[in-house]
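**Student:** Sharing a structure with you now.
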Amino acid sequence: MADNKTIEMQDVLRKQHSAHTQMRPEPMELRKDRIKRAMRLLTEHSEDLCKVMSADFGNRSPHQSMITDIAGTVNFGKYCLKKMDGWSKPSKRSVQFPLGLLGAKAEVRYEPKGVVGILSPWNFPVNLTFGPLMQIFAAGNRAMIKPSEFTEKTSLLMKELVEEYFTPDECAVFTGGPEVAAAFSELPFDHLVFTGSTATGRKVMEAASKNLVPVTLELGGKSPVFMGESADFAKAGERVALGKMMNAGQICLAPDYLYVPESKQDEAIHGVWQGTANMYPTMLENEDYASLVSDRHFDRLQDMVADARDKGAEVIEVNPGNEDFGSSNARKMPLTILKGVTDDMKAMQEEIFGPVLPVKTYSRIEEAIDYVNENDRPLGLYYFGEDSDERQQVLTKTISGGVTVNDVIFHVSMEDLPFGGVGPSGMGSYHGVEGFREFSHARSVYTQPKIDVAKLGGFKPPYGPATDKAVKTMMK
Ligand code: NAD
């Protein structure tokens with residue numbers, strides 16, 4: 001039996017569908033107005049949103065939140081506004097000879113799908129809700145959102161604000177736990193975007209399959225960092241430290257583990273150590289350094305480190321201020337580097353999603369390539385080094401959602417590049433023209449000329465010599 005929330009969600013979906021059908025094809029001006037309203041919502045309530053995100057995390061720097069969740073998303077809205085007229089132009093296609101000469105025409109029209117569901121996670125709760133929303137609107141759709149229960153205050157504020165800036169038949173937010181999320185993923189949307197873990201992604205795809213709802217799955221995984229012999233280890237360490245320590249490692253694209261030449265291991269670790277110490281001389285009272293989002297998450301990471309230690313890894317805490325993390329209840333954890341890791345350790349089996357950094361070594365780069373290929377296809381892959389043959393070898397012999405060379409994570413911030421995973425790290429993508437197309441239906445339209453093409457081509461019974469000739473030509 002469906003509960004009240006499910007009935008309410010079904011009702012809103014019906015209303016959005018009906019409003020969409022009446023408004024099809026959703027005029028460009030209205031789509032742009034929706035994007036502008038979403039941008040205004042974020043701009044006018046940026047401080048409140050940063051405050052609630054910090055409260056949900058325990059501590060999260062408002063500066064960081066402004067960069068990652070507010071300004072980054074507003075900027076993406078601007079990019080969509082600039083590009084969407086071009087994206088939505090029908091694309092002319094060729095027709096087989098001699099149909100063109102006879103007046104036949106073919107084109108693809110990018111049309112709105114209808115109502116798109118968004119299931120978003122807690123780690124960038126605003127960005128990963130409003131980011132996809134910008135392109136969902138650009139493509140002329142309406143949206144229903146179920147944000148994460150882990151960032152409850154942020155989810156509630158997003159609901160209030162969406163109600164203020166949008167009518168319920170344009171965009172609506174539903175809050176609640178995993179039961180609400182499960183019921184949400186069973187709704188007969190025209191498309192569903194899920195951002196979260198691979199395990200939950202499987203459940204979402206299964207639920208969506210009952211109604212054959214197409215899905216975009218933005219999942220996670222273990223994104224490796226290849227450091228070549230030719231890398232500048234001090235600079236690479238600094239960049240890895242920035243990517244690993246932002247949001248305390250709670251980033252889907254965070255560098256998960258390092259793969260370094262045996263002879264350079266200490267230099268590489270020192271680079272990361274120094275990079276971390278430069279940015280975070282202290283952490284406990286440092287507003288710039290985020291807390292882990294929940295006790296469960298904190299305990300999982302402590303357990304991961306204990307497991308690695310028990311199984312023989314060397315544990316290096318990057319604690320430049322010599323702070324006593326054990327007696328604090330701030331859910332803050334220093335960067336913890338694991339040296340000498342083996343495959344039976346949890347740190348090498350699960351996505352880390354926190355400030356723990358295993359380091360593996362290779363004597364030949366091929367070993368690192370083979371290791372990555374033997375494991376799940378990652379969301380991101382990073383290469384540091386100046387050896388262009390080696391870089392090419394790493395890029396062509398592996399597969400991943402995306403790549404950043406000589407840094408980590410940055411490819412996601414390039415608005416014109418599609419962002420998504422492959423295999424267990426996800427399917428489909430958004431950002432770039434690909435995102436607009438993801439939320440559009442590519443509808444083929446063929447216009448037949450006046451002349452009887454079927455007869456002329458020999459495709460019309462009674463079949464005869466003209467048919468044989470046409471078949472022969474096609475087979476040539
Ligand atoms: P999660 O999978 O636990 O939860 C994500 C969302 O799924 C939440 O809104 C939750 O309510 C909902 N959910 C829970 N149970 C569900 C069910 N049975 N059916 C449908 N929905 C359900 O993920 P999380 O812990 O919030 O986020 C962390 C994970 O997300 C990491 O694996 C990370 O790599 C991944 N991630 C990926 C991206 C990306 O863009 N690829 C971005 C951020 C996070």
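Ordering of the structure tokens sets the chain letters (A, B, ...); residue numbers start at 1 within each chain; ligands are numbered from 1 in the order shown.
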What do you get as a PyMOL selection string if you pick all residues at most 8 Å from ligand 1, counting only C-alpha atoms and all ligand atoms?

**Tutor:** chain A and resi 119-124+128+146-150+176-185+194-201+203-204+207+217-221+250-253+351+353+379+419-421+425-426

**Student:** Name the residues in contact with region 329-338 of chain A at a cut-off of 7 Å, using only C-alpha atoms, excluding same-chain residues fewer than 2 positions from it; report them as a PyMOL selection string.

**Tutor:** chain A and resi 58+284+291-292+298+313-319+325+327+340-341+355-359

**Student:** Tell me, as a PyMOL selection string, which residues lie within 12 Å of Leu41 (chain A), counting only C-alpha atoms; anything in the same chain fewer than 4 positions away does not count.

**Tutor:** chain A and resi 34-37+45-49+70-71+73-74+77+126+130+157-166

**Student:** Env of His20 (chain A): 9 Å cut, atoms = only C-alpha atoms, seq-sep filter 2 positions within chain, self excluded. Answer as a PyMOL selection string.

**Tutor:** chain A and resi 15-18+22-26+114-115+140-142+169-170

**Student:** Counting only C-alpha atoms, which of A:Phe233, A:Trp87, A:Phe97, A:Tyr289 gets nearest to His270 (chain A)?

**Tutor:**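 The closest residue to His270 (chain A) is A:Phe233.
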
**Student:** Got a sec: who's within 8 Å of Lys360 (chain A), counting only C-alpha atoms, leaving out chain neighbours fewer than 5 positions off, as a ChimeraX atom specification?

**Tutor:** /A:257-260,339-341

**Student:** Taking the chain letters and numbering used in this document, name the residues of region 70-309 of chain A that DSSP puts in alpha helix (DSSP H), as number ranges by chain.

**Tutor:** A: 72-87, 127-138, 152-165, 178-185, 198-209, 233-245, 265-279, 295-309

**Student:** When you look at Phe76 (chain A) with a cut-off of 12 Å (counting only C-alpha atoms), what residues show up, excluding the ones that are within fewer than 4 positions of it in the same chain? I need them as an NGL selection string.

**Tutor:** :A and (35-36 or 38-39 or 42 or 68-72 or 80-84 or 127-128 or 130-135 or 138 or 412-417 or 430-432 or 435)

**Student:** Between A:Tyr446, A:Phe137, A:Phe226, A:Phe174, which residue has the minimum interatomic distance to Arg364 (chain A), considering only C-alpha atoms?

**Tutor:**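 Checking each candidate against Arg364 (chain A), we get A:Phe226 as the closest.
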
**Student:** Hey, what's within 12 Å of Val453 (chain A) if we count only C-alpha atoms and toss same-chain stuff fewer than 3 positions away? As a ChimeraX atom specification, please?

**Tutor:** /A:96-104,447-450,456-460

**Student:** Measuring between only C-alpha atoms, which one of A:Met227, A:Met9, A:Cys171, A:Met427 shows the shortest distance to Tyr362 (chain A)?

**Tutor:**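 Selected residue with least distance to Tyr362 (chain A): A:Met227.
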
**Student:** What separation in Å, quoted to one decimal, exists between CA of Glu111 (chain A) and CA of Pro188 (chain A)?

**Tutor:**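 We find that CA of Glu111 (chain A) and CA of Pro188 (chain A) lie 18.6 Å from each other.
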
**Student:** Just to confirm, what's the straight-line distance from CA of Gly428 (chain A) to CA of Val215 (chain A) in Å (one decimal)?

**Tutor:**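 We find that CA of Gly428 (chain A) and CA of Val215 (chain A) lie 7.6 Å from each other.
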
**Student:** Please, which residues in region 61-134 of chain A fall within 8 Å of region 51-55 of chain A when counting only C-alpha atoms, and what is the closest atom pair and distance in Å to one decimal for each, ordered by chain then residue number, as a Markdown table?

**Tutor:**
```
| residue | atom | partner | partner_atom | distance |
| --- | --- | --- | --- | --- |
| A:Ser61 | CA | A:Ser54 | CA | 6.8 |
| A:Pro62 | CA | A:Lys51 | CA | 7.0 |
| A:Ser65 | CA | A:Met53 | CA | 7.7 |
| A:Pro125 | CA | A:Met53 | CA | 7.9 |
```

**Student:** Mind writing the picked residues with N, CA and C atoms as a PDB file, in the first residue's frame?

**Tutor:**
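Listing of selection.pdb after writing:
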```pdb
ATOM      1  N   SER A  61      33.679  24.830   5.702  1.00  0.00           N
ATOM      2  CA  SER A  61      34.047  26.221   5.450  1.00  0.00           C
ATOM      3  C   SER A  61      33.049  26.891   4.509  1.00  0.00           C
ATOM      4  N   PRO A  62      32.521  28.069   4.926  1.00  0.00           N
ATOM      5  CA  PRO A  62      31.626  28.805   4.015  1.00  0.00           C
ATOM      6  C   PRO A  62      32.347  29.200   2.724  1.00  0.00           C
ATOM      7  N   SER A  65      32.195  26.147   0.619  1.00  0.00           N
ATOM      8  CA  SER A  65      30.818  25.947   0.133  1.00  0.00           C
ATOM      9  C   SER A  65      30.477  26.946  -0.966  1.00  0.00           C
ATOM     10  N   PRO A 125      25.680  18.920  -1.493  1.00  0.00           N
ATOM     11  CA  PRO A 125      24.224  18.780  -1.568  1.00  0.00           C
ATOM     12  C   PRO A 125      23.543  19.789  -2.474  1.00  0.00           C
TER      13      PRO A 125
END
```
